[in-house]
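Enquirer: Quick one: the structure is below, questions incoming.
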Amino acid sequence: MIVKQQTISGLLFATLFVAYARGNLLPPEPEGYIDCPLCANQSFSVYTYGTFIADTGVVSCQEAFATDIRLPPENCTAWQSYGEDVCRCAADPPENHDCKLCDDGGSLPVGSLAAIPGTFCAQLQVDASRDFQDRCPIWQQTMGNYCGCNNTYDASICRLCKEGYKFDPAKVVDGLDNTTISCGRLEFSANLASGDFGCKEYQFIFESQCCEKIEEELPPISGTMGASVIVSLVVAAFGALKMLV
């Protein structure tokens, strides 16, 4: 993990998570801590497929929404900013719309393809139509491409891999602090984040895991071409020998 000042104490978050998972009692907390739900207005729920990078690793909006956490007020503000920015806590539920993963409006090439582990493209199509409509281009340029759609290239979309590198959306990598996540979902989420944990941060952390350099291979010499090359070399050598004589 990058050594930098984080908005939330990794030790605190990890302690809360482990204690919750094992059913242990939490140790006494310092004074001044407050309940800090991901959504400041708890009447809202989370409807997005997004994840974000917290101090302990990659956290999905659903996981963060379901987590009971107590923080100092200044850290709570930062935590809830993830809720507003990435998870759309303050937004009304998405309206029904017809976002197609293939931007030409056509059917998926293979709906049964598991473009990312555990999720078929047909389900991703449903998830895209349930997310906020303004995120449809992100779905198309990430999940749509992974599902085999021939979508028009959009330069505004964050790509984890630079030119000359191969990207595998189905590859599962270390999401930091003993979590795992697919590269496809990471690239999708990189387009939802902003500020300190936007595109460049995702690239810096996950490029080495999700991207593989494409090695250029020289075309093989066919048998016919090989023979002609050998003949040319023999003729050239014979001519040089005659000149010396």
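In the structure tokens, chains take letters A, B, ... by order of appearance, with residues numbered from 1 within each chain and ligands from 1 in the order shown.
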Return as an mmCIF file with C-alpha atoms, in the first residue's frame the full set of residues in region 7-206 of chain A whose backbone-based DSSP assignment is helix (DSSP H, G or I).

Expert:
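After the write, part.cif holds the following:
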data_model
loop_
_atom_site.group_PDB
_atom_site.id
_atom_site.type_symbol
_atom_site.label_atom_id
_atom_site.label_comp_id
_atom_site.auth_asym_id
_atom_site.auth_seq_id
_atom_site.Cartn_x
_atom_site.Cartn_y
_atom_site.Cartn_z
ATOM 1 C CA GLY A 10 -6.537 1.491 8.742
ATOM 2 C CA LEU A 11 -6.021 0.049 12.205
ATOM 3 C CA LEU A 12 -9.440 1.228 13.313
ATOM 4 C CA PHE A 13 -11.227 -0.084 10.237
ATOM 5 C CA ALA A 14 -9.395 -3.420 10.352
ATOM 6 C CA THR A 15 -10.150 -3.804 14.069
ATOM 7 C CA LEU A 16 -13.818 -3.109 13.488
ATOM 8 C CA PHE A 17 -14.013 -5.559 10.618
ATOM 9 C CA VAL A 18 -12.193 -8.387 12.410
ATOM 10 C CA ALA A 19 -14.199 -7.900 15.585
ATOM 11 C CA TYR A 20 -17.433 -7.900 13.649
ATOM 12 C CA ALA A 21 -16.451 -11.007 11.677
ATOM 13 C CA ARG A 22 -15.373 -12.997 14.745
ATOM 14 C CA CYS A 61 -20.477 0.332 -1.834
ATOM 15 C CA GLN A 62 -22.758 -2.426 -0.574
ATOM 16 C CA GLU A 63 -20.185 -3.614 1.971
ATOM 17 C CA ALA A 64 -19.511 -0.092 3.184
ATOM 18 C CA PHE A 65 -23.217 0.681 3.449
ATOM 19 C CA ALA A 66 -23.798 -2.428 5.580
ATOM 20 C CA PRO A 73 -16.044 13.665 13.154
ATOM 21 C CA GLU A 74 -13.341 14.874 10.735
ATOM 22 C CA ASN A 75 -12.760 11.338 9.430
ATOM 23 C CA CYS A 76 -16.472 10.681 9.210
ATOM 24 C CA THR A 77 -16.816 13.568 6.764
ATOM 25 C CA ALA A 78 -14.191 11.990 4.510
ATOM 26 C CA TRP A 79 -15.787 8.537 4.774
ATOM 27 C CA GLN A 80 -19.181 9.896 3.810
ATOM 28 C CA SER A 81 -17.663 11.732 0.844
ATOM 29 C CA TYR A 82 -17.052 8.272 -0.678
ATOM 30 C CA GLY A 83 -20.713 7.583 -0.154
ATOM 31 C CA GLU A 84 -21.757 10.723 -2.011
ATOM 32 C CA ASP A 85 -19.138 10.620 -4.786
ATOM 33 C CA CYS A 121 -22.628 -10.727 -19.348
ATOM 34 C CA ALA A 122 -26.424 -11.097 -19.324
ATOM 35 C CA GLN A 123 -26.420 -10.161 -15.630
ATOM 36 C CA LEU A 124 -24.056 -7.249 -16.250
ATOM 37 C CA GLN A 125 -26.548 -6.014 -18.845
ATOM 38 C CA VAL A 126 -29.270 -6.019 -16.171
ATOM 39 C CA ASP A 127 -26.967 -4.303 -13.656
ATOM 40 C CA ALA A 128 -26.160 -1.561 -16.174
ATOM 41 C CA SER A 129 -29.847 -0.793 -16.672
ATOM 42 C CA ARG A 130 -30.332 -0.577 -12.902
ATOM 43 C CA GLN A 133 -28.179 6.452 -16.448
ATOM 44 C CA ASP A 134 -25.267 8.888 -16.664
ATOM 45 C CA ARG A 135 -22.944 5.956 -15.953
ATOM 46 C CA CYS A 136 -24.098 4.035 -19.019
ATOM 47 C CA PRO A 137 -21.002 5.071 -21.068
ATOM 48 C CA ILE A 138 -18.775 3.682 -18.312
ATOM 49 C CA TRP A 139 -20.632 0.367 -18.429
ATOM 50 C CA GLN A 140 -20.291 0.259 -22.216
ATOM 51 C CA GLN A 141 -16.590 1.129 -22.286
ATOM 52 C CA THR A 142 -15.710 -1.381 -19.566
ATOM 53 C CA MET A 143 -18.169 -4.250 -19.138
ATOM 54 C CA GLY A 144 -19.463 -3.891 -22.704
ATOM 55 C CA ASN A 145 -15.963 -4.261 -24.116
ATOM 56 C CA TYR A 146 -15.231 -7.193 -21.815
ATOM 57 C CA CYS A 183 -9.322 -6.297 -12.757
ATOM 58 C CA GLY A 184 -12.499 -5.580 -14.703
ATOM 59 C CA ARG A 185 -14.326 -4.343 -11.651
ATOM 60 C CA LEU A 186 -11.304 -2.273 -10.662
ATOM 61 C CA GLU A 187 -11.232 -0.535 -14.050
ATOM 62 C CA PHE A 188 -14.976 0.082 -13.832
ATOM 63 C CA SER A 189 -14.584 1.622 -10.371
ATOM 64 C CA ALA A 190 -11.604 3.734 -11.463
ATOM 65 C CA GLY A 195 -9.861 13.255 -6.162
ATOM 66 C CA ASP A 196 -7.059 11.393 -4.383
ATOM 67 C CA PHE A 197 -8.465 8.003 -5.321
ATOM 68 C CA CYS A 199 -7.952 7.111 -12.137
ATOM 69 C CA LYS A 200 -4.245 7.738 -11.543
ATOM 70 C CA GLU A 201 -4.367 6.141 -8.099
ATOM 71 C CA TYR A 202 -6.005 3.003 -9.473
ATOM 72 C CA GLN A 203 -3.411 2.844 -12.247
ATOM 73 C CA PHE A 204 -0.533 3.311 -9.812
ATOM 74 C CA ILE A 205 -1.720 0.557 -7.474
ATOM 75 C CA PHE A 206 -3.098 -2.049 -9.876
#

Enquirer: Apply DSSP to the backbone of this structure and, from region 70-233 of chain A, keep only the residues in strand (DSSP E or B); write these as a ChimeraX atom specification.

Expert: /A:70-71,116,119,165-167,172-174,180-182,211-213

Enquirer: CA of Ala155 (chain A) to CA of Ala91 (chain A): how many Å, to one decimal?

Expert: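 Between these atoms lies a distance of 27.1 Å.
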
Enquirer: What's the 8 Å shell around Asp103 (chain A), counting only C-alpha atoms, without same-chain residues fewer than 4 positions away, as a list in words?

Expert: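 Everything that qualifies: Gln140, Cys149, Asn151 and Thr152 of chain A.
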
Enquirer: Fewer than 6 positions away in the same chain doesn't count, so skip those; otherwise give me all residues within 7 Å of Leu71 (chain A), counting only C-alpha atoms, as JSON, numbers by chain.

Expert: {"A": [33, 34, 35, 36]}

Enquirer: What separation in Å, quoted to one decimal, exists between CA of Val86 (chain A) and CA of Thr51 (chain A)?

Expert: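 CA of Val86 (chain A) sits 7.4 Å away from CA of Thr51 (chain A).
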
Enquirer: With distances taken over only C-alpha atoms, which residue among A:Val58, A:Ala115, A:Ile214, A:Cys99 lies nearest Val173 (chain A)?

Expert: A:Val58
